[in-house]
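Here the structure comes first, spelled out in structure tokens, and everything after it is commentary.
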Amino acid sequence: MGAACRLPGGIGDLEQLWLALCDKRDLVSTVPADRFDVDRFVDEGRPRRGKSYTQAGGFLDDLAGFDAGYFGISPREAAQMDPQHRLLLELAVEGLDDAGIVPSTLAGSDTAVYVGTSDTSYRALQMLKTDTVNPYTMSGAASSIAANRLSHFLDLQGPSIVVDTACSSALVALDRACRTLLEGTSRVALCGGVNALLSLYHYIGFSQASMLSPSGRCRSFSAHADGYVRAEGAGLVVLKRLEDALAAGDRVHGVILASAANNDGKTMGLALPNPNAQEKLLRQAYELAGVHPDELVYLEAHGTGTPVGDPIECLAIGRALGARRTTGALPIGSVKSNMGHLEPASGMAGLFKALLVLRHGRIPASLHADPPSPDIDFAGLNLTTVAESCPVGDAARPVVGVNSFGFGGANAHVVLAAPPDKEPRDGQRASFSGSTAPVPSPPADGALPVVVSARSEAALAQAVARLAEQLGGASQEEFYDIAYSSCRRREWHPHRAAVLARDPVEAMQRLSHANAVHAVQTGGVALVFSGNGAQWAGMGADLLAEDATFREAVEQVDAELAPRLGWSVIRQLALPAGQWRLELTEVAQPMLFAVQIGVVHMLRVRGVQPAAVVGHSVGEVAAAYAAGALSLAQAAQVVRLAADLVGGWTGE
């Protein structure tokens with residue numbers, strides 16, 4: 001239901017990723033200056049001992065930035081935290097927001113956390129300077145804490161596990177999370193993968209093993225494939241069983257039909273893949289999913305761009321799937337050609353691309369694939385690379401697969417389908433994000449509350465600006481979804497701004513002038529009822545004409561007051577304002593009482609129940625009624641006695 005990401009090239013959500021893929025953007029750059037001394041440790045001229053022959057990589061724009069205050073973490077502790085932990089905390093919050101799940105509702109639940117990660121460079125770098133070690137060093141650097149941080153911050157009490165199978169870590173973690181949900185031991189799971197390029201040692205080590213691309217590009221399935229490009233980033237998804245998600249009215253990004261994991265076993269070398277094991281995995285996954293190869297419209301391959309790995313992967317895909325198709329060659333590609341290889345987090349990038357292919361019905365081009373590798377029998381295996389963007393096939397149930405392999409032989413595969421019921425059925429309405437979940441109908445008067453909250457005034461201003469921008473391009477139907485989510489599917493933080501509006505333009509304008517308030521942590525709504533002196537000619541007349549709840553309540557009040565007073569309050573409210581006799585206290589007080597009772601009922605049907613009431617003069621009577629201390633008949637009798645005491649106007 002939820003997805004969040006940080007990817008090279010400044011990509012911070014799935015839509016930005018889609019635009020980058022459609023634009024065929026090459027997001028690979030070079031090592032930032034804050035990582036390590038490139039001049040000292042890189043020699044791109046030739047392979048040398050103790051040197052890396054490349055500084056190419058896919059890098060995040062701001063790996064160090066972290067809003068520690070949001071998570072209640074001190075600056076001292078934050079400095080000792082692995083940046084990978086920080087990224088995952090941010091993505092957990094964003095992923096739950098995307099899923100429309102209020103984080104506090106998961107507190108104390110059996111929600112599981114599975115994280116794929118393998119790099120411990122931050123710990124190693126800290127240990128080089130023992131004088132900086134403090135009480136936060138061990139927890140800040142331990143791999144296990146990558147998952148435990150999320151469980152601790154959100155108070156999740158299900159399994160909290162880090163998976164390290166090298167480059168397949170994230171997808172193996174996803175397989176574990178799916179199994180936990182299917183077993184029923186957890187009802188919600190957060191699953192992510194993360195990688196940060198902090199150390200020169202990995203560049204040197206992989207260069208010495210000739211795994212990295214000297215040309216600085218992942219040329220997946222190409223004759224020019226010469227190794228892979230390292231990349232950093234993170235991704236996280238929020239998972240539920242489909243039946244639970246639909247029952248909760250959740251928006252569904254995609255459905256995991258099946259997942260599977262295995263190992264190559266013994267090969268000629270630890271890092272050499274096994275096509276037979278990969279083929280076995282694919283057959284197992286699609287048999288479990290009940291999917292025929294003809295239903296497969298695209299396969300997001302591991303596709304690192306190595307001259308050994310790519311042909312072996314294609315051999316397995318062709319044997320298991322391509323050769324069994326009757327609808328043409330199976331399109332394959334790799335997001336690594338755009339941004340490099342995120343290593344343990346690469347499965348998340350592949351998963352996101354697969355979801356986007358299903359959402360948009362198009363397959364973006366894979367870069368650097370031409371000319372095709374002569375070591376891959378594309379025709380015989382019934383496979384084809386995607387050199388240019390193209391629509392998916394005409395399968396009745398489009399399915400996309402995602403491959404992920406670890407260089408120690410750990411393989412994983414996921415089979416994905418689009419959300420069910422893409423066309424709304426009776427009683428359902430598709431939201432702007434593609435949901436077909438049951439959603440309450442908008443109120444008849446069309447006025448909707450829009451709420452924005454944050455944990456600081458500065459953050460609130462930014463959140464208001466972002467929402468205003470979104471409202472500026474929203475339709476009326478989308479406006480209702482935005483308002484509903486802002487009120488019912490978002491955590492409410494202390495700093496808030498709220499407006500009532502009938503359409504997105506009005507909401508945008510009112511938000512730009514809304515006053516920020518600081519909410520109390522505990523407490524409720526108090527209603528204050530005014531007495532004589534608060535009246536004005538025409539009060540309540542518009543509500544009487546336009547609001548059915550208000551009118552019905554005032555009619556009930558009038559039915560109790562008219563026999564006692566000898567005149568009709570509702571008739572007085574309906575007169576032109578110039579004919580009102582509010583200078584007479586015996587007139588003003590019954591009318592004030594009737595209007596205030598009408599407002600009480602209006603608020604009640606909108607979910608406002610007071611925790612306390614207070615009143616002055618005739619407002620005391622209205623307050624007593626609102627509190628339940630007086631029935632309507634009793635309150636009307638008190639109002640009549642008060643009218644007797646001040647003159648007993650007959651209405652003539």
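Each chain of the structure tokens is named A, B, ... in the order shown, its residues numbered from 1; ligands are numbered from 1 in display order.
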What's the 8 Å shell around stretch 534-537 of chain A, counting only C-alpha atoms, without same-chain residues fewer than 4 positions away, as a VMD selection string?
chain A and resid 530 577 to 578 580 582 588 592
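Nearest to A:Glu469 of all the residues A:Thr326, A:Asn276, A:Thr304, A:Ser512 is A:Ser512, based on only C-alpha atoms.
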Write out as a PyMOL selection string the set of residues from stretch 36-211 of chain A that DSSP, computed on the backbone, places in helix (DSSP H, G or I).
chain A and resi 38-41+68-71+75-80+83-99+103-106+121-127+130-132+137-141+145-154+169-183+200-208
Can you tell me, as number ranges by chain, what residues are no more than 9 Å from stretch 193-203 of chain A when counting only C-alpha atoms, ignoring any on the same chain fewer than 4 positions away?
A: 31, 34-38, 41-42, 50-55, 57, 59-60, 63, 83-85, 87-88, 114-119, 121-122, 124-125, 169-171, 173, 207-208, 212, 230-236, 342-348
My list of candidates is A:Thr130, A:Glu90, A:Cys191, A:Pro135. Which is closest to A:Ser160 when distances are computed with only C-alpha atoms?
A:Cys191
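Using only C-alpha atoms, the nearest neighbour of A:Asp164 within the list A:Gly524, A:Pro293, A:Gly192, A:Gly380 is A:Gly192.
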